[in-house]
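Heads up, the thing below is written out as structure tokens.
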Amino acid sequence: MANEYKNIGVVVAEDEAKARELALQKFPHLNDREFSLRQDEDTLDTWFSSWLWPISVFDGIKNPDNEEIKYYYPTNDLVTGPDIIFFWVARMIMAGYEYRGKECFNNVYFTGIVRDKLGRKMSKQLGNSPDPLELIHKYGADGVRMGLMLSAPAGNDILFDESLCEQGRNFCNKIWNAFRLVKSWEAVDIPQPEECEIITEWFEAKLSVAITNINDLFSKYRISEALMEVYKLFWDDFSSEYLETIKPEYQKPIDSKTYENTINFFDKLLRLLHPFMPFITEELWQQLIVRSEGESIMIQEIPVPKEYNTKELSMSSSSKNNAPAGYYNFDDINYTPTIIYEFEDTQDIVSNIRTIRQQKSISNNIPVTLEIIDNYDDENYYIHSSYDPRFDSVIKKRANVSDIKKVDKKSDNVVSFFVKITEYSVPIDAFINVEEELAKLEADLKYHQGFLQSVAAKLANENFVAKAPTQVLELERKKQADAESKIKSIEEAMAAYRS
Amino acid sequence: MEIASTYSPNEVENKWYEYWMAHGFFHSEPDEREPYTIVIPPPNVTGVLHMGHMLNNTIQDILVRRARMMGKNACWVPGTDHASIATEAKVVAKLAQEGIKKTDLTREQFLEHVWEWTHKHGGIILEQLKKLGASCDWERTAFTMDEKRSESVIKVFIDLYNKGLIYRGVRMVNWDPAAKTALSDEEVIHKEQQGKLYYLRYMIEGEKGYAVVATTRPETIFGDTAVCINPNDPKNQHLKGKKVIVPIVNRIVPIIEDDYVDIEFGTGCLKVTPAHDVNDYMLGEKYGLETLDIFNDDGTLNAHGQQYEGKDRFEVRKQIEKDLEAAGLMEKVEPYENKVGFSERTNVPIEPKLSMQWFLKMSDLAKPALNAVESSEIKFFPPKFKNTYRHWMENIKDWNISRQLWWGHRIPAWYVMEKRETSEL
């Protein structure tokens with residue numbers, strides 16, 4: 001029976017009726033002959049439908065002039081894996097020009113391939129592919145989102161480690177706890193303490209710089225780095241510096257001006273964080289102040305950087321791309337609010353005082369005094385010193401300093417340190433237990449003497465000296481010299497205590 | 001207000017996702033604002049979420065949420081792909097468990113099974129994306145085989161055919177014997193394999209001597225229609241103009257000469273199997289050799305395989321090694337590492353096979369697409385992928401768009417079958 005019909009050609013049409021029409025046009029003699037149509041048995045490659053995707057989802061193939069395709073096309077960004085650059089990306093670009101005469105998207109962001117922490121591709125067989133829903137259950141969606149982004153530079157394979165989700169969850173807890181702390185304060189109408197005023201000015205500048213950086217990073221699709229920027233802003237600058245500085249004493253109220261600023265900062269931080277961590281930011285934003293039904297953080301505006309006038313800014317060159325000495329790379333100059341540089345000294349001073357407290361076992365509850373060694377006459381003072389008294393209040397609060405004063409000359413029994421070219425010192429007379437210090441030094445001395453002995457024994461061994469390579473010998477001699485000088489300085493310190 | 005002492009993500013997440021949905025915050029309609037559009041890379045309709053999806057969709061959601069907060073009219077279109085070969089393979093496997101073979105079913109019956117499977121498992125992955133917080137405009141969810149998308153595909157096929165860009169032809173294709181379909185070049189993954197190099201003796205017709213032919217695929221000798229030497233090869237001058245006998249098959253085939261043959265490889269004698277090797281196919285075209293397809297669609301040997309008919313290609317390889325040894329027609333066997341193409345989907349070795357397929361001419365389509373990326377009208381992040389893209393676009397081959405599958409858009413081509421005159425029968 002098969003031979004009853006012969007194939008005389010092919011027509012391409014959307015249905016059988018149209019195909020019949022075409023067949024009759026193409027083969028007019030069929031008008032008075034019996035014929036049938038047999039549709040090709042094959043189907044089209046899957047990519048033959050997905051290559052039209054950016055157009056077909058807006059019905060732009062069938063209705064090329066419809067409002068939606070005109071409005072939404074070209075699409076902005078495509079996020080996909082480099083493994084389908086030919087299967088899909090290239091073919092979509094071709095279809096875009098063929099059917100719209102325009103690009104189908106402006107930017108393609110190629111993600112890396114997700115591998116396990118050993119660098120192996122994730123697969124069912126290896127059993128190294130975690131179940132995403134279990135991860136979400138365990139760490140929260142925000143925690144998992146953050147975990148993925150922390151390991152995801154564009155285009156490079158990402159080595160996924162569950163501990164990154166844990167880091168994400170910890171960050172959620174950090175935000176949560178910071179929020180609880182702020183909400184636990186009672187705001188009353190009292191004057192704003194000096195340190196609160198200055199730290200507010202500083203954090204505002206930090207926030208502004210971070211927003212500028214985040215915008216820049218997003219424009220380059222460096223999304224993981226943008227997340228790191230907001231992460232550090234929240235953790236280091238907001239929690240560790242700002243909140244610690246404004247924090248009222250236990251069960252004391254906070255002044256309402258600082259409180260309002262803090263709520264305002266929190267609001268901005270939540271909005272910056274929202275694209276990365278949508279759930280916790282919505283939850284806290286809704287609790288930050290009274291909201292009404294239908295409000296949502298997801299439709300708020302992303303914060304913009306504060307405008308600074310040039311007097312408030314300092315020039316800085318990015319450290320990543322230093323021009324050779326004597327040349328300025330003008331493309332590479334950033335203007336940063338001056339207060340950020342000035343405050344860096346304050347941060348250094350506070351951290352030095354804390355180190356001294358630790359070394360000398362001075363409890364944080366006991367106030368110390370800070371002396372600024374001022375060798376210059378008043379006229380030249382500001383030229384030579386980077387010290388700025390307007391941050392005194394912050395130093396006092398953060399390092400528990402009762403008094404900050406200038407002295408002509410370093411006092412006895414102080415521990416001193418430099419920040420830039422200015423020397424600072426903390427008198428420690430009152431805190432020193434001579435017996436304890438001597439005991440510590442004694443133990444130290446014994447250790448170094450023992451060490452020196454073992455090195456000296458090695459160097460006295462002729463066999464060793466003859467056979468050891470030069471570098472090894474040099475290293476041993478250096479160890480010997482170091483131990484000798486250490487012993488000398490310990491002995492001097494002990495002599496000073498005894499005198 | 002009482003704030004819980006610890007953060008409990010699970011309660012919070014469901015509550016706010018429902019809130020966002022209830023207020024239609026993800027939905028977009030054209031208006032006077034600047035649009036910001038992303039189309040989702042459609043995951044397989046019956047797939048489940050894996051870590052790759054998680055990463056990819058987290059990034060999309062970050063971009064979309066940020067654009068929305070920057071005052072743009074953000075629209076993220078979700079959807080799924082029918083994934084013809086992957087889905088069809090899953091359904092074939094499921095039916096096999098129930099003792100049903102695809103060949104026992106009509107096309108319509110089989111498609112009913114696939115639709116049932118699609119409805120049962122379809123869209124699970126989109127529900128999973130909601131757990132991640134994806135702010136897709138769910139009212140726009142599309143499927144590559146829904147009515148609008150299917151009609152678009154058919155319209156484009158007809159258009160490209162009418163423009164003369166789609167044609168039908170016999171070509172050497174990448175045959176997947178497990179999925180029983182041709183694949184595009186991009187669906188073949190080449191992997192280093194530890195195999196063997198077999199040195200076979202082809203007796204010279206009417207003489208005592210023999211030619212030694214090295215091959216990694218002795219099971220294809222049933223399709224040999226010539227042996228080729230390099231005319232400049234001093235080792236094989238004595239074979240010029242002779243005929244040799246294919247071992248076991250006992251077919252007499254000519255010695256042909258072409259400088260395509262690598263003098264350094266093996267013995268410098270190449271068996272020519274036009275039906276099962278791309279390069280041999282080209283030699284066959286050049287020298288008018290007969291093309292003998294020795295395989296069934298599932299990778300077993302057909303009647304050309306003589307006593308091996310019905311056996312799998314790899315089983316035959318093992319058996320023929322023994323049989324050649326026994327017949328004294330095997331010179332030696334050496335371990336050998338070579339590249340073998342595997343199906344991206346089924347992970348079985350590809351069989352080069354001649355077959356009638358539909359192709360799309362790519363060179364004209366590729367030009368504006370290459371320019372767009374070169375001129376940064378379309379930007380790649382990271383930009384290193386521009387090189388990969390350029391290389392492929394400059395060497396683009398025609399796209400084999402037909403698949404011997406049932407799940408997908410059926411090719412809208414109709415063969416006109418004219419009834420023969422009684423005298424023709």
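By convention in this document, the chains of the structure tokens carry letters A, B, ... by their order, each chain's residues are numbered from 1, and ligands are numbered from 1 in the order they are shown.
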Counting only C-alpha atoms, which residues of chain B come no farther than 6 Å from chain A, as a PDB file with C-alpha atoms, in the first residue's frame?
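So the final result, stored in out-v3.pdb, reads:
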ATOM      1  CA  PRO B   9      13.602  32.801  59.160  1.00  0.00           C
ATOM      2  CA  GLU B  13       9.847  34.222  54.966  1.00  0.00           C
ATOM      3  CA  THR B  37      13.484  43.635  32.204  1.00  0.00           C
ATOM      4  CA  ILE B  38      14.996  40.245  32.868  1.00  0.00           C
ATOM      5  CA  GLY B  52      23.243  26.345  40.005  1.00  0.00           C
ATOM      6  CA  ILE B  62      19.238  41.073  43.519  1.00  0.00           C
ATOM      7  CA  ARG B  65      14.907  44.202  43.462  1.00  0.00           C
ATOM      8  CA  ARG B  66      17.554  46.874  43.204  1.00  0.00           C
ATOM      9  CA  MET B  69      14.033  50.331  44.339  1.00  0.00           C
ATOM     10  CA  MET B  70      15.745  52.658  41.886  1.00  0.00           C
ATOM     11  CA  ALA B  83      13.407  20.245  27.452  1.00  0.00           C
ATOM     12  CA  SER B  84      12.493  17.775  24.737  1.00  0.00           C
ATOM     13  CA  LEU B 132      14.319  31.707  47.645  1.00  0.00           C
ATOM     14  CA  ARG B 149       5.233  30.148  22.426  1.00  0.00           C
ATOM     15  CA  SER B 152       5.788  31.665  17.675  1.00  0.00           C
ATOM     16  CA  VAL B 153       8.140  28.748  17.035  1.00  0.00           C
ATOM     17  CA  LEU B 365      22.397  35.238  11.142  1.00  0.00           C
ATOM     18  CA  ALA B 369      25.198  38.890  16.376  1.00  0.00           C
ATOM     19  CA  ILE B 378      25.792  43.744  24.093  1.00  0.00           C
ATOM     20  CA  LYS B 379      28.294  43.604  26.949  1.00  0.00           C
ATOM     21  CA  PHE B 380      29.604  40.423  28.529  1.00  0.00           C
ATOM     22  CA  PHE B 381      30.560  40.209  32.201  1.00  0.00           C
ATOM     23  CA  PRO B 382      33.263  39.055  32.661  1.00  0.00           C
ATOM     24  CA  ILE B 401      17.433  21.677  14.244  1.00  0.00           C
ATOM     25  CA  SER B 402      15.574  18.381  13.824  1.00  0.00           C
ATOM     26  CA  ARG B 403      15.334  15.759  16.514  1.00  0.00           C
ATOM     27  CA  GLN B 404      13.942  12.258  16.187  1.00  0.00           C
ATOM     28  CA  LEU B 405      11.772  12.768  19.243  1.00  0.00           C
ATOM     29  CA  GLY B 408       8.523  19.081  21.259  1.00  0.00           C
ATOM     30  CA  HIS B 409       7.328  21.272  18.434  1.00  0.00           C
ATOM     31  CA  ARG B 410       6.623  19.014  15.485  1.00  0.00           C
ATOM     32  CA  ILE B 411       8.254  20.242  12.327  1.00  0.00           C
ATOM     33  CA  PRO B 412       5.547  21.963  10.244  1.00  0.00           C
ATOM     34  CA  ALA B 413       6.663  20.346   7.008  1.00  0.00           C
ATOM     35  CA  TRP B 414       4.243  18.267   4.972  1.00  0.00           C
ATOM     36  CA  TYR B 415       5.274  15.764   2.362  1.00  0.00           C
ATOM     37  CA  VAL B 416       3.012  15.877  -0.627  1.00  0.00           C
ATOM     38  CA  MET B 417       2.085  12.291  -1.482  1.00  0.00           C
ATOM     39  CA  GLU B 418       0.574  11.916  -4.891  1.00  0.00           C
ATOM     40  CA  LYS B 419      -1.438   8.808  -5.705  1.00  0.00           C
ATOM     41  CA  ARG B 420       0.276   6.818  -8.402  1.00  0.00           C
TER      42      ARG B 420
END
Long-range neighbours of Ala430 of chain A as a list in words, 10 Å cut-off, only C-alpha atoms, 5 positions minimum in chain: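 Everything that qualifies: Ile362, Val368 and Asn413 of chain A.
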Write a file of the selected residues as an mmCIF file, in the first residue's frame, keeping C-alpha atoms.
data_model
loop_
_atom_site.group_PDB
_atom_site.id
_atom_site.type_symbol
_atom_site.label_atom_id
_atom_site.label_comp_id
_atom_site.auth_asym_id
_atom_site.auth_seq_id
_atom_site.Cartn_x
_atom_site.Cartn_y
_atom_site.Cartn_z
ATOM 1 C CA ILE A 362 43.919 47.327 83.189
ATOM 2 C CA VAL A 368 42.990 56.043 82.234
ATOM 3 C CA ASN A 413 56.167 55.099 83.647
#
Pick from B:Glu321, B:Asp398, B:Asp293, B:Asp61 nearest to Thr225 of chain B, counting only C-alpha atoms: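 Among the listed residues, B:Asp293 lies closest to Thr225 of chain B.
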Members of segment 111-198 of chain B assigned alpha helix (DSSP H) by DSSP, as JSON, numbers by chain: {"B": [111, 112, 113, 114, 115, 116, 117, 118, 119, 120, 121, 124, 125, 126, 127, 128, 129, 130, 131, 132, 147, 148, 149, 150, 151, 152, 153, 154, 155, 156, 157, 158, 159, 160, 161, 162]}
Emit the selected residues as a PDB file, in the first residue's frame, including C-alpha atoms.
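So the final result, stored in selection29.pdb, reads:
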ATOM      1  CA  LEU B 111       2.449  12.459  24.131  1.00  0.00           C
ATOM      2  CA  GLU B 112      -0.480  11.888  26.474  1.00  0.00           C
ATOM      3  CA  HIS B 113       1.957  10.213  28.879  1.00  0.00           C
ATOM      4  CA  VAL B 114       4.400  13.131  28.593  1.00  0.00           C
ATOM      5  CA  TRP B 115       1.710  15.736  29.195  1.00  0.00           C
ATOM      6  CA  GLU B 116       0.537  13.790  32.215  1.00  0.00           C
ATOM      7  CA  TRP B 117       4.100  13.730  33.534  1.00  0.00           C
ATOM      8  CA  THR B 118       4.521  17.431  32.763  1.00  0.00           C
ATOM      9  CA  HIS B 119       1.349  18.366  34.615  1.00  0.00           C
ATOM     10  CA  LYS B 120       2.358  16.231  37.567  1.00  0.00           C
ATOM     11  CA  HIS B 121       5.921  17.525  37.937  1.00  0.00           C
ATOM     12  CA  ILE B 124       7.548  22.421  41.019  1.00  0.00           C
ATOM     13  CA  ILE B 125      10.753  24.269  40.334  1.00  0.00           C
ATOM     14  CA  LEU B 126       8.939  27.604  40.101  1.00  0.00           C
ATOM     15  CA  GLU B 127       7.346  26.985  43.498  1.00  0.00           C
ATOM     16  CA  GLN B 128      10.831  26.299  44.837  1.00  0.00           C
ATOM     17  CA  LEU B 129      12.066  29.619  43.487  1.00  0.00           C
ATOM     18  CA  LYS B 130       9.454  31.351  45.611  1.00  0.00           C
ATOM     19  CA  LYS B 131      11.152  29.930  48.716  1.00  0.00           C
ATOM     20  CA  LEU B 132      14.319  31.707  47.645  1.00  0.00           C
ATOM     21  CA  GLU B 147       0.057  28.079  22.892  1.00  0.00           C
ATOM     22  CA  LYS B 148       1.690  31.469  22.317  1.00  0.00           C
ATOM     23  CA  ARG B 149       5.233  30.148  22.426  1.00  0.00           C
ATOM     24  CA  SER B 150       4.404  27.162  20.171  1.00  0.00           C
ATOM     25  CA  GLU B 151       2.751  29.370  17.587  1.00  0.00           C
ATOM     26  CA  SER B 152       5.788  31.665  17.675  1.00  0.00           C
ATOM     27  CA  VAL B 153       8.140  28.748  17.035  1.00  0.00           C
ATOM     28  CA  ILE B 154       6.104  27.492  14.087  1.00  0.00           C
ATOM     29  CA  LYS B 155       5.835  31.001  12.649  1.00  0.00           C
ATOM     30  CA  VAL B 156       9.612  31.428  12.842  1.00  0.00           C
ATOM     31  CA  PHE B 157      10.268  28.050  11.231  1.00  0.00           C
ATOM     32  CA  ILE B 158       7.971  28.911   8.317  1.00  0.00           C
ATOM     33  CA  ASP B 159       9.517  32.354   7.977  1.00  0.00           C
ATOM     34  CA  LEU B 160      13.097  31.060   7.927  1.00  0.00           C
ATOM     35  CA  TYR B 161      12.118  28.318   5.475  1.00  0.00           C
ATOM     36  CA  ASN B 162      10.539  30.872   3.171  1.00  0.00           C
TER      37      ASN B 162
END
Residues near Phe295 of chain B, cut-off 12 Å, only C-alpha atoms, skip fewer than 3 positions along chain, as a ChimeraX atom specification: /B:175-177,180,219-223,275-276,292,298-306,308-314,316,351-355
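Near Thr212 of chain A, within 12 Å and counting only C-alpha atoms, sit Ala205, Lys206, Leu207, Ser208, Val209, Ala210, Ile214, Asn215, Asp216, Leu217, Phe218, Ser219, Ala226, Glu229, Val230, Leu272, Ile302, Pro303, Val304, Pro305, Lys306, Glu307, Asn334, Tyr335 and Thr336 of chain A, not including residues fewer than 2 positions from it in the same chain.
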For the selection just defined, write its residues with N, CA and C atoms to a file, as a compact mmCIF listing (two decimals), in the first residue's frame.
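Output file selection20.txt is given in full below:
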# COMPACT_ATOMS: atom_id res chain seq x y z
N ALA A 205 29.09 60.05 56.65
CA ALA A 205 30.10 60.08 55.59
C ALA A 205 30.45 58.67 55.12
N LYS A 206 30.59 57.76 56.09
CA LYS A 206 30.90 56.36 55.76
C LYS A 206 29.80 55.76 54.89
N LEU A 207 28.58 56.01 55.29
CA LEU A 207 27.41 55.50 54.57
C LEU A 207 27.41 56.03 53.14
N SER A 208 27.71 57.31 53.03
CA SER A 208 27.69 57.95 51.72
C SER A 208 28.76 57.35 50.81
N VAL A 209 29.95 57.15 51.35
CA VAL A 209 31.03 56.55 50.56
C VAL A 209 30.67 55.12 50.16
N ALA A 210 30.09 54.38 51.09
CA ALA A 210 29.71 53.00 50.79
C ALA A 210 28.67 52.97 49.67
N ILE A 214 29.05 51.03 46.23
CA ILE A 214 28.09 49.98 45.84
C ILE A 214 27.53 50.27 44.45
N ASN A 215 27.19 51.53 44.20
CA ASN A 215 26.69 51.90 42.87
C ASN A 215 27.71 51.58 41.79
N ASP A 216 28.96 51.92 42.09
CA ASP A 216 30.03 51.67 41.13
C ASP A 216 30.19 50.16 40.88
N LEU A 217 30.18 49.38 41.95
CA LEU A 217 30.35 47.94 41.82
C LEU A 217 29.20 47.31 41.04
N PHE A 218 27.98 47.78 41.29
CA PHE A 218 26.84 47.24 40.53
C PHE A 218 26.98 47.57 39.05
N SER A 219 27.49 48.76 38.75
CA SER A 219 27.61 49.12 37.34
C SER A 219 28.60 48.20 36.64
N ALA A 226 29.89 44.17 46.05
CA ALA A 226 28.90 45.13 46.54
C ALA A 226 28.31 44.63 47.87
N GLU A 229 30.73 45.13 50.66
CA GLU A 229 30.78 46.54 51.04
C GLU A 229 29.67 46.86 52.06
N VAL A 230 28.47 46.40 51.78
CA VAL A 230 27.37 46.71 52.69
C VAL A 230 27.49 45.86 53.97
N LEU A 272 19.58 49.28 51.75
CA LEU A 272 20.76 48.85 50.98
C LEU A 272 20.88 47.33 50.97
N ILE A 302 16.10 53.16 46.88
CA ILE A 302 17.43 52.78 47.34
C ILE A 302 18.14 54.07 47.80
N PRO A 303 18.86 54.06 48.92
CA PRO A 303 19.50 55.30 49.40
C PRO A 303 20.50 55.87 48.39
N VAL A 304 20.61 57.18 48.39
CA VAL A 304 21.58 57.84 47.50
C VAL A 304 22.66 58.49 48.36
N PRO A 305 23.86 58.69 47.83
CA PRO A 305 24.91 59.30 48.64
C PRO A 305 24.61 60.76 48.95
N LYS A 306 25.10 61.23 50.09
CA LYS A 306 24.92 62.63 50.47
C LYS A 306 25.82 63.50 49.60
N GLU A 307 25.32 64.69 49.28
CA GLU A 307 26.14 65.63 48.50
C GLU A 307 27.06 66.36 49.46
N ASN A 334 39.77 59.85 43.94
CA ASN A 334 38.48 59.86 44.61
C ASN A 334 38.46 61.03 45.56
N TYR A 335 37.28 61.58 45.76
CA TYR A 335 37.13 62.59 46.79
C TYR A 335 36.34 61.97 47.92
N THR A 336 36.92 62.00 49.06
CA THR A 336 36.32 61.34 50.20
C THR A 336 36.08 62.38 51.29
One-decimal distance in Å that lies between atom CA of Val77 of chain B and atom CA of Asn371 of chain B: 27.1 Å
Close residues, Tyr202 of chain B itself excluded, 9 Å, only C-alpha atoms, min 6 positions apart in chain, as a PyMOL selection string: chain B and resi 209-213+244-247+329
How would the residues just picked look written out with C-alpha atoms as a tab-separated table (two decimals), in the first residue's frame?
chain	number	residue	atom	x	y	z
B	209	GLY	CA	50.84	-10.18	1.26
B	210	TYR	CA	48.52	-8.04	3.31
B	211	ALA	CA	48.05	-4.44	4.35
B	212	VAL	CA	47.90	-3.61	8.06
B	213	VAL	CA	45.23	-1.13	9.03
B	244	VAL	CA	42.31	-5.71	-0.50
B	245	ILE	CA	39.87	-8.02	1.28
B	246	VAL	CA	38.14	-6.70	4.37
B	247	PRO	CA	38.75	-9.31	7.10
B	329	LEU	CA	43.91	-11.53	10.91
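Neighbouring residues of segment 85-96 of chain B at 7 Å or closer, counting only C-alpha atoms and skipping chain neighbours under 5 positions away, are Lys101, Lys102, Val114, Ala179, Arg345 and Trp407 of chain B.
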Residue set, segment 35-283 of chain B restricted to strand (DSSP E), as a PyMOL selection string: chain B and resi 35-39+73-77+79-80+142-143+166-176+181-183+188-204+210-215+226-229+243-245+252-257+269-272
